[in-house]
Each structure stands twice: as C-alpha cells, then as structure tokens.
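Structure data follow from data.txt (compact mmCIF, C-alpha atoms and all ligand atoms):
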```txt
# COMPACT_ATOMS: atom_id res chain seq x y z
CA MET A 686 -2.41 7.45 162.35
CA THR A 687 1.27 6.90 161.81
CA PRO A 688 3.34 9.87 162.89
CA THR A 689 5.79 11.14 160.34
CA GLN A 690 9.39 11.96 161.16
CA ALA A 691 8.74 15.68 161.23
CA ALA A 692 11.88 17.79 161.23
CA ALA A 693 12.07 21.00 163.19
CA PRO A 694 11.27 24.17 161.22
CA GLY A 695 14.23 25.03 159.05
CA GLY A 696 15.68 21.57 159.48
CA LEU A 697 17.83 22.56 162.44
CA SER A 698 17.23 22.71 166.13
CA VAL A 699 19.39 24.40 168.67
CA ALA A 700 20.83 22.39 171.54
CA MET A 701 19.33 23.10 174.93
CA ALA A 702 22.29 23.98 177.08
CA ASP A 703 23.43 27.05 175.10
CA LEU A 704 26.42 25.16 173.81
CA PRO A 705 27.85 26.23 170.46
CA PHE A 706 26.72 23.21 168.48
CA ARG A 707 23.64 22.34 166.51
CA ILE A 708 21.48 19.30 166.01
CA ASP A 709 21.34 18.71 162.29
CA GLU A 710 18.10 17.12 161.12
CA SER A 711 18.94 16.99 157.44
CA ALA A 712 19.77 13.27 157.69
CA LEU A 713 16.49 12.33 159.43
CA ILE A 714 15.46 8.92 158.11
CA PRO A 715 12.10 8.84 156.32
CA LEU A 716 9.46 6.78 158.10
CA GLU A 717 8.91 4.37 155.23
CA ASP A 718 9.17 0.65 154.54
CA GLY A 719 12.72 -0.47 153.94
CA GLN A 720 14.25 2.21 156.15
CA ALA A 721 15.83 1.55 159.57
CA VAL A 722 13.12 3.33 161.56
CA SER A 723 9.84 2.07 163.05
CA ALA A 724 6.85 4.11 164.17
CA GLY A 725 6.11 4.49 167.87
CA TRP A 726 7.00 2.32 170.88
CA PRO A 727 5.37 -1.08 171.61
CA GLU A 728 2.21 -0.96 173.72
CA SER A 729 3.46 -4.10 175.50
CA ILE A 730 6.22 -2.05 177.16
CA GLY A 731 3.97 0.90 177.93
CA GLY A 732 4.22 2.76 174.63
CA ARG A 733 7.44 4.48 175.67
CA PRO A 734 11.19 3.79 175.59
CA LEU A 735 12.66 2.23 178.73
CA GLY A 736 16.29 3.30 178.58
CA VAL A 737 19.22 4.67 176.62
CA THR A 738 21.83 2.51 174.87
CA TRP A 739 25.18 4.20 174.21
CA HIS A 740 27.35 3.12 171.28
CA TRP A 741 30.59 3.97 169.54
CA THR A 742 30.70 4.31 165.77
CA VAL A 743 34.13 2.83 164.97
CA THR A 744 34.62 5.86 162.72
CA TRP A 745 36.92 8.87 163.05
CA ASP A 746 34.23 11.37 162.13
CA LEU A 747 30.50 12.02 162.04
CA GLU A 748 30.41 12.27 158.27
CA LEU A 749 31.01 8.54 157.81
CA CYS A 750 28.50 7.71 160.56
CA ARG A 751 25.90 9.80 158.70
CA ARG A 752 26.66 8.09 155.39
CA LEU A 753 26.22 4.67 157.02
CA LEU A 754 23.14 5.38 159.14
CA GLY A 755 21.42 8.62 158.19
CA GLY A 756 18.95 9.81 155.58
CA ARG A 757 16.95 8.07 152.90
CA ASN A 758 19.88 6.39 151.16
CA ALA A 759 22.06 5.29 154.08
CA GLU A 760 24.52 2.51 153.30
CA ARG A 761 22.94 0.50 156.11
CA ARG A 762 19.43 1.38 155.00
CA GLY A 763 16.93 -1.15 156.33
CA GLU A 764 19.61 -2.70 158.57
CA ALA A 765 20.77 -0.29 161.25
CA SER A 766 20.33 3.25 162.53
CA ALA A 767 20.36 5.24 165.77
CA HIS A 768 18.43 8.16 167.21
CA TYR A 769 21.52 10.38 167.32
CA GLY A 770 25.09 10.55 166.11
CA ILE A 771 27.28 12.69 168.35
CA GLY A 772 30.40 14.17 166.76
CA ARG A 773 33.86 14.59 168.28
CA GLY A 774 33.47 18.33 168.77
CA TYR A 775 31.11 21.31 168.44
CA ASP A 776 32.19 21.79 164.83
CA GLU A 777 30.76 18.37 163.92
CA GLY A 778 27.78 18.78 166.23
CA VAL A 779 25.03 16.20 166.50
CA ASP A 780 22.94 14.41 163.88
CA ARG A 781 19.37 13.39 164.50
CA TYR A 782 18.40 10.32 162.47
CA VAL A 783 15.24 9.25 164.31
CA THR A 784 12.99 11.32 166.57
CA LEU A 785 12.25 10.33 170.16
CA GLU A 786 8.70 9.32 169.18
CA ASN A 787 9.98 6.52 166.97
CA ARG A 788 12.32 3.55 167.14
CA SER A 789 15.78 3.28 165.65
CA TRP A 790 17.39 -0.03 164.72
CA HIS A 791 20.44 0.08 166.96
CA ALA A 792 20.50 -3.17 168.98
CA GLY A 793 18.72 -6.49 169.06
CA LEU A 794 20.98 -8.78 167.07
CA ASN A 795 22.48 -11.38 169.44
CA GLN A 796 21.01 -9.51 172.39
CA THR A 797 20.65 -11.59 175.57
CA LEU A 798 19.85 -9.01 178.25
CA ARG A 799 17.30 -6.22 178.39
CA TRP A 800 17.76 -2.64 179.59
CA ASP A 801 17.58 -3.59 183.29
CA GLY A 802 19.98 -6.54 183.08
CA ARG A 803 17.26 -9.20 183.17
CA PRO A 804 17.08 -11.94 180.49
CA LEU A 805 15.74 -10.64 177.19
CA GLY A 806 12.55 -12.75 177.19
CA SER A 807 10.09 -11.06 174.87
CA PRO A 808 11.53 -9.63 171.64
CA ASP A 809 9.74 -6.40 172.55
CA TYR A 810 12.68 -5.78 174.91
CA LYS A 811 15.22 -5.73 172.10
CA GLY A 812 17.09 -2.44 172.02
CA SER A 813 15.53 -1.60 168.67
CA ARG A 814 12.08 -1.79 170.28
CA SER A 815 12.69 -0.56 173.81
CA THR A 816 15.63 1.86 174.09
CA ILE A 817 16.96 5.05 172.54
CA GLY A 818 20.17 4.48 170.61
CA VAL A 819 22.94 7.07 170.75
CA GLU A 820 26.02 6.70 168.56
CA THR A 821 29.13 8.58 169.69
CA VAL A 822 31.92 9.11 167.18
CA ASN A 823 34.83 7.07 168.50
CA ILE A 824 37.15 4.69 166.69
CA GLY A 825 36.76 2.21 169.55
CA TYR A 826 39.67 0.14 170.79
CA ALA A 827 43.14 0.18 169.33
CA THR A 828 43.80 -2.54 166.78
CA ALA A 829 47.45 -1.48 166.34
CA ASP A 830 50.00 -0.16 168.84
CA ASP A 831 50.65 3.02 166.86
CA MET A 832 47.00 4.09 167.30
CA VAL A 833 47.33 4.41 171.04
CA GLY A 834 47.87 7.85 172.55
CA ASP A 835 48.95 8.48 176.14
CA ASP A 836 45.43 9.47 177.07
CA TRP A 837 43.72 6.37 175.68
CA ILE A 838 41.54 4.59 178.23
CA GLU A 839 42.82 1.38 179.72
CA THR A 840 39.91 -0.99 180.18
CA ALA A 841 38.70 -4.50 179.37
CA THR A 842 35.91 -6.11 177.38
CA PRO A 843 33.03 -7.93 179.14
CA ASP A 844 34.99 -11.19 178.72
CA GLY A 845 38.15 -9.73 180.23
CA LYS A 846 40.29 -8.92 177.22
CA PRO A 847 42.42 -5.82 177.95
CA ILE A 848 41.83 -3.03 175.43
CA ARG A 849 42.85 0.61 174.94
CA VAL A 850 39.95 2.86 173.93
CA GLN A 851 40.02 6.29 172.29
CA PRO A 852 38.97 8.92 174.81
CA TRP A 853 35.79 10.90 174.24
CA THR A 854 36.51 14.65 174.01
CA GLY A 855 35.33 17.26 176.50
CA GLU A 856 33.12 18.91 173.87
CA GLN A 857 31.67 15.52 173.04
CA VAL A 858 30.85 14.83 176.70
CA ALA A 859 29.13 18.23 176.89
CA MET A 860 27.05 17.37 173.80
CA MET A 861 26.20 13.93 175.22
CA ILE A 862 24.94 15.62 178.39
CA SER A 863 22.87 18.04 176.35
CA ILE A 864 21.34 15.22 174.30
CA GLY A 865 20.73 13.19 177.47
CA ARG A 866 18.80 16.14 178.87
CA GLU A 867 16.72 16.36 175.71
CA ILE A 868 15.88 12.66 176.06
CA VAL A 869 14.95 12.96 179.74
CA GLU A 870 12.89 16.07 179.12
CA ARG A 871 10.80 14.09 176.63
CA TRP A 872 10.81 10.84 178.63
CA PRO A 873 11.25 11.83 182.31
CA HIS A 874 10.79 8.28 183.64
CA ILE A 875 14.23 7.36 182.23
CA GLY A 876 16.59 7.50 185.22
CA PRO A 877 20.36 7.07 185.65
CA ASP A 878 20.04 3.29 186.06
CA ASP A 879 18.29 3.03 182.69
CA HIS A 880 21.51 3.92 180.82
CA HIS A 881 23.91 1.23 179.62
CA GLY A 882 26.24 0.33 176.78
CA HIS A 883 25.57 -1.86 173.77
CA HIS A 884 28.04 -4.35 175.32
CA ASP A 885 25.81 -4.62 178.39
CA LEU A 886 22.87 -5.86 176.28
CA CYS A 887 24.91 -8.06 173.94
CA PRO A 888 27.86 -9.39 175.97
CA GLY A 889 30.16 -11.62 173.96
CA TYR A 890 28.93 -10.04 170.73
CA LYS A 891 29.54 -6.30 171.19
CA VAL A 892 32.25 -4.43 173.08
CA ASP A 893 30.97 -0.88 172.59
CA VAL A 894 31.03 1.19 174.73
CA SER A 895 33.68 -0.27 177.09
CA GLY A 896 35.48 2.58 178.85
CA PHE A 897 32.64 5.07 178.29
CA PRO A 898 32.60 8.01 180.77
CA PHE A 899 29.19 7.05 182.19
CA ALA A 900 29.66 8.84 185.52
CA ARG A 901 30.61 12.17 183.90
CA VAL A 902 27.76 11.98 181.41
CA LEU A 903 25.07 10.87 183.89
CA ARG A 904 26.13 13.43 186.50
CA GLY A 905 25.65 16.09 183.83
CA ILE A 906 22.28 14.79 182.66
CA TYR A 907 20.92 14.39 186.20
CA PRO A 908 22.71 17.18 188.08
CA ASP A 909 20.53 16.93 191.19
CA ARG A 910 21.03 13.19 191.72
CA ALA A 911 23.89 11.50 193.53
CA ILE A 912 25.35 9.14 190.95
CA ASP A 913 27.93 6.65 192.03
CA ASP A 914 30.82 6.04 189.63
CA VAL A 915 30.68 2.24 189.45
CA TRP A 916 32.51 2.10 186.11
CA THR A 917 35.95 3.62 186.75
CA PRO A 918 36.72 1.31 189.72
CA THR A 919 35.87 -1.78 187.63
CA CYS A 920 37.52 -0.78 184.37
CA THR A 921 40.48 -3.15 184.39
CA VAL A 922 40.86 -6.87 184.90
CA THR A 923 42.98 -6.28 188.02
CA GLN A 924 40.28 -4.08 189.58
CA ARG A 925 37.58 -6.64 188.78
CA GLN A 926 39.64 -9.47 190.29
CA THR A 927 40.54 -7.40 193.35
CA ALA A 928 36.88 -6.63 194.05
CA LEU A 929 35.86 -10.30 193.72
CA ALA A 930 38.78 -11.44 195.91
CA GLU A 931 37.81 -8.83 198.51
CA LEU A 932 34.42 -10.58 198.75
CA GLY A 933 36.14 -13.92 199.21
CA TYR A 934 35.67 -15.40 195.75
CA ASP A 935 38.35 -17.89 194.78
CA LEU A 936 40.32 -16.80 191.71
CA GLY A 937 42.50 -19.90 191.65
CA PRO A 938 46.15 -20.34 192.65
CA THR A 939 47.35 -17.26 190.75
CA GLY A 940 44.89 -14.94 192.51
CA VAL A 941 44.75 -11.35 191.30
CA ASP A 942 47.10 -11.46 188.30
CA GLY A 943 45.53 -9.17 185.69
CA GLN A 944 44.72 -12.17 183.47
CA TRP A 945 41.06 -13.06 183.12
CA GLY A 946 40.97 -16.85 182.91
CA PRO A 947 38.33 -19.54 183.54
CA ARG A 948 38.72 -19.28 187.34
CA SER A 949 37.98 -15.55 187.25
CA GLY A 950 35.02 -16.24 185.00
CA ALA A 951 33.74 -18.89 187.40
CA ALA A 952 34.14 -16.50 190.37
CA LEU A 953 32.11 -13.86 188.51
CA LYS A 954 29.41 -16.43 187.71
CA ARG A 955 29.17 -17.35 191.39
CA PHE A 956 28.81 -13.68 192.30
CA GLN A 957 26.10 -13.25 189.66
CA THR A 958 24.24 -16.35 190.87
CA GLU A 959 24.38 -15.34 194.52
CA ARG A 960 23.26 -11.80 193.78
CA GLY A 961 20.36 -12.62 191.48
CA LEU A 962 22.01 -11.53 188.23
CA VAL A 963 22.08 -13.49 184.99
CA ALA A 964 25.04 -15.84 185.52
CA ASN A 965 26.71 -15.47 182.13
CA GLY A 966 30.30 -14.78 183.27
CA TYR A 967 30.44 -11.42 181.46
CA TRP A 968 31.35 -8.18 183.20
CA SER A 969 28.69 -5.47 182.76
CA THR A 970 27.29 -2.24 184.13
CA PHE A 971 24.77 -4.46 185.97
CA VAL A 972 27.59 -6.36 187.70
CA SER A 973 29.38 -3.12 188.64
CA ARG A 974 26.22 -1.61 190.13
CA ARG A 975 25.46 -4.75 192.14
CA LEU A 976 29.03 -4.94 193.37
CA ALA A 977 28.90 -1.32 194.54
CA ALA A 978 25.66 -2.07 196.40
CA VAL A 979 27.21 -5.12 198.11
CA PHE A 980 30.23 -3.11 199.27
CA ALA A 981 27.96 -0.27 200.40
CA GLU A 982 26.15 -2.77 202.69
CA ARG A 983 29.57 -3.43 204.23
CA GLY A 984 30.31 0.26 204.60
CA MET A 985 32.89 0.20 201.82
CA GLU A 986 33.37 2.20 198.66
CA LEU A 987 33.78 0.20 195.46
CA ALA A 988 36.83 2.29 194.52
CA GLU A 989 38.49 1.30 197.78
CA ALA A 990 37.51 -2.38 197.46
CA SER A 991 38.87 -2.73 193.93
CA SER A 992 42.24 -1.09 194.47
ZN ZN B 1 26.76 -0.51 169.13
```

Before anything else, please render the file you have as structure tokens.
Ligand SMILES: [Zn+2]
Amino acid sequence: MTPTQAAAPGGLSVAMADLPFRIDESALIPLEDGQAVSAGWPESIGGRPLGVTWHWTVTWDLELCRRLLGGRNAERRGEASAHYGIGRGYDEGVDRYVTLENRSWHAGLNQTLRWDGRPLGSPDYKGSRSTIGVETVNIGYATADDMVGDDWIETATPDGKPIRVQPWTGEQVAMMISIGREIVERWPHIGPDDHHGHHDLCPGYKVDVSGFPFARVLRGIYPDRAIDDVWTPTCTVTQRQTALAELGYDLGPTGVDGQWGPRSGAALKRFQTERGLVANGYWSTFVSRRLAAVFAERGMELAEASS
C-alpha cells in the first residue's frame, strides 16, 4: 500500500536538539499525481536513500521557498521540491515538504554523477530517486558588487569561476545539524561521505552549494567521527592550483595565477584520470576528498599543501 505523507500530530514537530525552532509541516506536499513527491525509495538501490544533497534556494527568505516548493499548490508543483527548507534563523525555522519515507524532486536534471561521485549510469541514481534534498535559504553568489558584505565567502564554481557567496548564519548551521541528525537517526547508514552539494552531482549545470560549510555541519551531525575539512582548503582557484602544482601537475607557463584556464582544467583531468575519478575537469567534493587522501599518503595535510 502506498504510504501517505502523514504529518505529525498537530502539524508541528519539535526539533531534536532542544533548539528554539520548529519544523513546520503545514506545507507538506500531498502524495498525489501531479505533485513533486514520489512514494518510497527504489528497490533497485535497496529501498532506502543513499545520501544527502544540499542546496541553496536563491531566495532571501523561507517564505518564498515555501511558495515555490511547498504544499498542494506550489508554484513549481509537479516540477521540483525538496525534503526540507531551512530558514536563515530560528524565527523562520524549518519547513518539511516531503517525509524521509518518500522522494522529493530536487535533482536529476542534467545530472552526470551519482551520490558517490561515480558516473550516473542507471536513472535510479538520480538525486530525485536516491538522495534526500535539503534546501537552505541563501541568495547564492553575488550578481552585483553592492550585494557583497565583508563576510561573504570567497570561493569558485566547479569550472573555476570566482564567486562571492552569502554566508550561512550560525542559527542556520545549528538547524542544519539538527536536521542532519534527524536524517541519520532515520537512515543510519548515511555517513559523512554520503553528503554533497547539488553542484557535485550536476557540475557545469548547477553551482549550489559552492562555499557551503560542510565541515561545520558534518562535524555537528556526526560528533563522534573525525571529519576532515577538505572544502575550506580547496575553496579558491589559487588553492586548487597550488594543490595540483604541489603534486607536480603542469599548469602551463603562468603556473599558479588564480585564473582557471584550459591548462588548469587539463591538470585536473589528469589528476582525476590517475586517481580513478570521472575525468570531467570539474572541481567537486569528490576531487577534494581524493586530494586530501593523496596528501595524507605523503604525510601532508591538504590545508598545508594548498597554501
Ligand atoms: Zn539545487
């Protein structure tokens, strides 16, 4: 029998970590034809989700995210959704659009890699069929100079374009940790390496969530596990080039110059080929993890090798 999207009694559930925010279930999407929710997880992948895909909303608030994705009459009804929408602060709280028993439509379009960085292969590995989608309210990268605050995150897209990204707030990080714990409590096989950004699955098509505080969030979700921060040391083009040059990859006559050109792309592809990754020339969480492992074999920290 098809499970329904049952809301918690009273329509609200209280977050686990005693934080002063609530998970609002009033915008839960009905499990009906034409809505952006599908029942259950494919048997071909074990009848359970395999990972967590983090997104940014490109909105300033949760209200607009809810109007686009949540409830019966979402503007993107039948096109896109997510399991959660996480607001900027405790006052906005968290929306639940799809329960953890069902699938949300949050990735799949132009997806080339699956949750573990391998080629997509079967469509059952699309994000919308195999991972939990979490939207975080964030306007994304600055499209005008006057948007940028001093604390905006300096990073680069998977194809090496420098961008400045709105920082996630402390309260938001705390809520992301709380939601991550709820996910792992329900699906304990999901480990730190099963988390990634939308841009990791769809490089060249999506840039969310470049600059995401993965280490802070994962260290909160899995407090008893040693989690290496592979993201911060590979945030910028200069760091990425420095790490590749440290391993002896040829970046061309200009060397480490903070400009990601075809020679840098070719060096990255060689690294990917030699290390058994998909050689697509796009920077990803999978590349950063592999790079950290390679430096670890040499007794070096990634942070040291990329600076
Ligand atoms: Zn996304």

Could you list, as a ChimeraX atom specification, all protein and nucleic acid residues with an atom at most 7 Å from ligand ZN 1 (chain B), counting all atoms listed in the file? /A:740-741,791-792,883,891,893

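Candidate residues A:Leu936, A:Leu735, A:Ala724, A:Val963 were compared for distance to Ala951 in chain A, and the nearest is A:Leu936, using all atoms listed in the file.
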
Between CA of Ser807 in chain A and CA of Ala952 in chain A, measure the distance and give it in Å to one decimal.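 Separating CA of Ser807 in chain A from CA of Ala952 in chain A is a distance of 29.1 Å.
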
Can you tell me which residues surround range 846-861 of chain A at a distance of at most 6 Å, considering all atoms listed in the file, apart from same-chain residues fewer than 6 positions away, and format the answer as a VMD selection string? chain A and resid 773 to 774 825 to 827 837 to 840

Residue nearest Ala981 in chain A among A:Asp879, A:Asp830, A:Glu748, A:Asp913 (counting only C-alpha atoms):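 Among the listed residues, the smallest separation from Ala981 in chain A belongs to A:Asp913.
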
Could you tell me how far CA of Glu870 in chain A sits from CA of Pro908 in chain A, in Å to one decimal place?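 Rounded to one decimal, the two atoms are 13.3 Å apart.
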
Identify which of the residues A:Glu982, A:Asp831, A:Asp878, A:Asp709 lies closest to Ile771 in chain A, counting only C-alpha atoms when measuring atom-to-atom distances.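 Selected residue with least distance to Ile771 in chain A: A:Asp709.
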
Calculated over only C-alpha atoms, which of the candidates A:Pro938, A:Trp872, A:Gly865, A:Arg974 has the smallest distance to Thr917 in chain A? A:Arg974

Mind checking which residues fall within 8 Å of Ser949 in chain A, counting all atoms listed in the file, ignoring those fewer than 2 positions away in the same chain, and posting them as a VMD selection string? chain A and resid 926 935 to 937 945 to 947 951 to 953

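Closest approach to Leu785 in chain A from the set A:Leu976, A:Ala964, A:Ala767, A:Ala829 is made by A:Ala767, with distances taken over all atoms listed in the file.
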
With all atoms of range 775-788 of chain A from the file as input, state the centre and edge lengths in Å to one decimal of the axis-aligned box that has 5 Å extra on each side, as AutoDock Vina command-line options.
```
--center_x 20.4 --center_y 12.7 --center_z 166.3 --size_x 33.5 --size_y 28.2 --size_z 17.7
```

List as a ChimeraX atom specification the protein and nucleic acid residues near Ser863 in chain A, meaning an atom at most 12 Å away when only C-alpha atoms are counted, but skip any in the same chain fewer than 4 places from it. /A:699-708,769,771,775,778-779,856-859,867-870,902-908

Using C-alpha atoms, can you write the selected residues to a file as a JSON list (two decimals), in the frame of the given file?
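Final output, saved to again-v8.json:
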```json
[["chain", "number", "residue", "atom", "x", "y", "z"],
["A", 699, "VAL", "CA", 19.39, 24.40, 168.67],
["A", 700, "ALA", "CA", 20.83, 22.39, 171.54],
["A", 701, "MET", "CA", 19.33, 23.10, 174.93],
["A", 702, "ALA", "CA", 22.29, 23.98, 177.08],
["A", 703, "ASP", "CA", 23.43, 27.05, 175.10],
["A", 704, "LEU", "CA", 26.42, 25.16, 173.81],
["A", 705, "PRO", "CA", 27.85, 26.23, 170.46],
["A", 706, "PHE", "CA", 26.72, 23.21, 168.48],
["A", 707, "ARG", "CA", 23.64, 22.34, 166.51],
["A", 708, "ILE", "CA", 21.48, 19.30, 166.01],
["A", 769, "TYR", "CA", 21.52, 10.38, 167.32],
["A", 771, "ILE", "CA", 27.28, 12.69, 168.35],
["A", 775, "TYR", "CA", 31.11, 21.31, 168.44],
["A", 778, "GLY", "CA", 27.78, 18.78, 166.23],
["A", 779, "VAL", "CA", 25.03, 16.20, 166.50],
["A", 856, "GLU", "CA", 33.12, 18.91, 173.87],
["A", 857, "GLN", "CA", 31.67, 15.52, 173.04],
["A", 858, "VAL", "CA", 30.85, 14.83, 176.70],
["A", 859, "ALA", "CA", 29.13, 18.23, 176.89],
["A", 867, "GLU", "CA", 16.72, 16.36, 175.71],
["A", 868, "ILE", "CA", 15.88, 12.66, 176.06],
["A", 869, "VAL", "CA", 14.95, 12.96, 179.74],
["A", 870, "GLU", "CA", 12.89, 16.07, 179.12],
["A", 902, "VAL", "CA", 27.76, 11.98, 181.41],
["A", 903, "LEU", "CA", 25.07, 10.87, 183.89],
["A", 904, "ARG", "CA", 26.13, 13.43, 186.50],
["A", 905, "GLY", "CA", 25.65, 16.09, 183.83],
["A", 906, "ILE", "CA", 22.28, 14.79, 182.66],
["A", 907, "TYR", "CA", 20.92, 14.39, 186.20],
["A", 908, "PRO", "CA", 22.71, 17.18, 188.08]]
```

10 Å contact set for Gly966 in chain A, only C-alpha atoms, chain neighbours under 5 positions out, as a PyMOL selection string: chain A and resi 843-845+888-889+947+949-958+972

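Here CA of Glu728 in chain A and CA of Pro877 in chain A stand 23.2 Å from one another.
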
Leaving out range 752-762 of chain A and any residue of its chain fewer than 4 positions from it, which residues lie within 7 Å of it when counting all atoms listed in the file, given as JSON, numbers by chain? {"A": [712, 713, 714, 715, 720, 721, 748, 766, 782]}

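Here the question is which of A:Leu962, A:Asn787, A:Thr970, A:Val915 gets nearest to Glu989 in chain A using all atoms listed in the file, and that residue is A:Val915.
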
Atoms added to range 920-932 of chain A (N, CA and C atoms), reported as a tab-separated table (two decimals), in the coordinates of the input:
```tsv
chain	number	residue	atom	x	y	z
A	920	CYS	N	37.10	-0.92	185.76
A	920	CYS	CA	37.52	-0.78	184.37
A	920	CYS	C	38.47	-1.90	183.94
A	921	THR	N	39.43	-2.21	184.80
A	921	THR	CA	40.48	-3.15	184.39
A	921	THR	C	40.25	-4.53	184.99
A	922	VAL	N	40.93	-5.50	184.41
A	922	VAL	CA	40.86	-6.87	184.90
A	922	VAL	C	41.35	-6.95	186.35
A	923	THR	N	42.44	-6.25	186.66
A	923	THR	CA	42.98	-6.28	188.02
A	923	THR	C	41.96	-5.73	189.02
A	924	GLN	N	41.30	-4.63	188.67
A	924	GLN	CA	40.28	-4.08	189.58
A	924	GLN	C	39.13	-5.07	189.78
A	925	ARG	N	38.70	-5.69	188.69
A	925	ARG	CA	37.58	-6.64	188.78
A	925	ARG	C	37.95	-7.83	189.66
A	926	GLN	N	39.18	-8.33	189.47
A	926	GLN	CA	39.64	-9.47	190.29
A	926	GLN	C	39.80	-9.06	191.75
A	927	THR	N	40.33	-7.86	191.97
A	927	THR	CA	40.54	-7.40	193.35
A	927	THR	C	39.21	-7.30	194.09
A	928	ALA	N	38.20	-6.77	193.42
A	928	ALA	CA	36.88	-6.63	194.05
A	928	ALA	C	36.29	-8.00	194.40
A	929	LEU	N	36.40	-8.95	193.47
A	929	LEU	CA	35.86	-10.30	193.72
A	929	LEU	C	36.63	-10.99	194.85
A	930	ALA	N	37.96	-10.83	194.86
A	930	ALA	CA	38.78	-11.44	195.91
A	930	ALA	C	38.44	-10.83	197.27
A	931	GLU	N	38.19	-9.53	197.27
A	931	GLU	CA	37.81	-8.83	198.51
A	931	GLU	C	36.54	-9.43	199.12
A	932	LEU	N	35.65	-9.94	198.27
A	932	LEU	CA	34.42	-10.58	198.75
A	932	LEU	C	34.62	-12.05	199.04
```
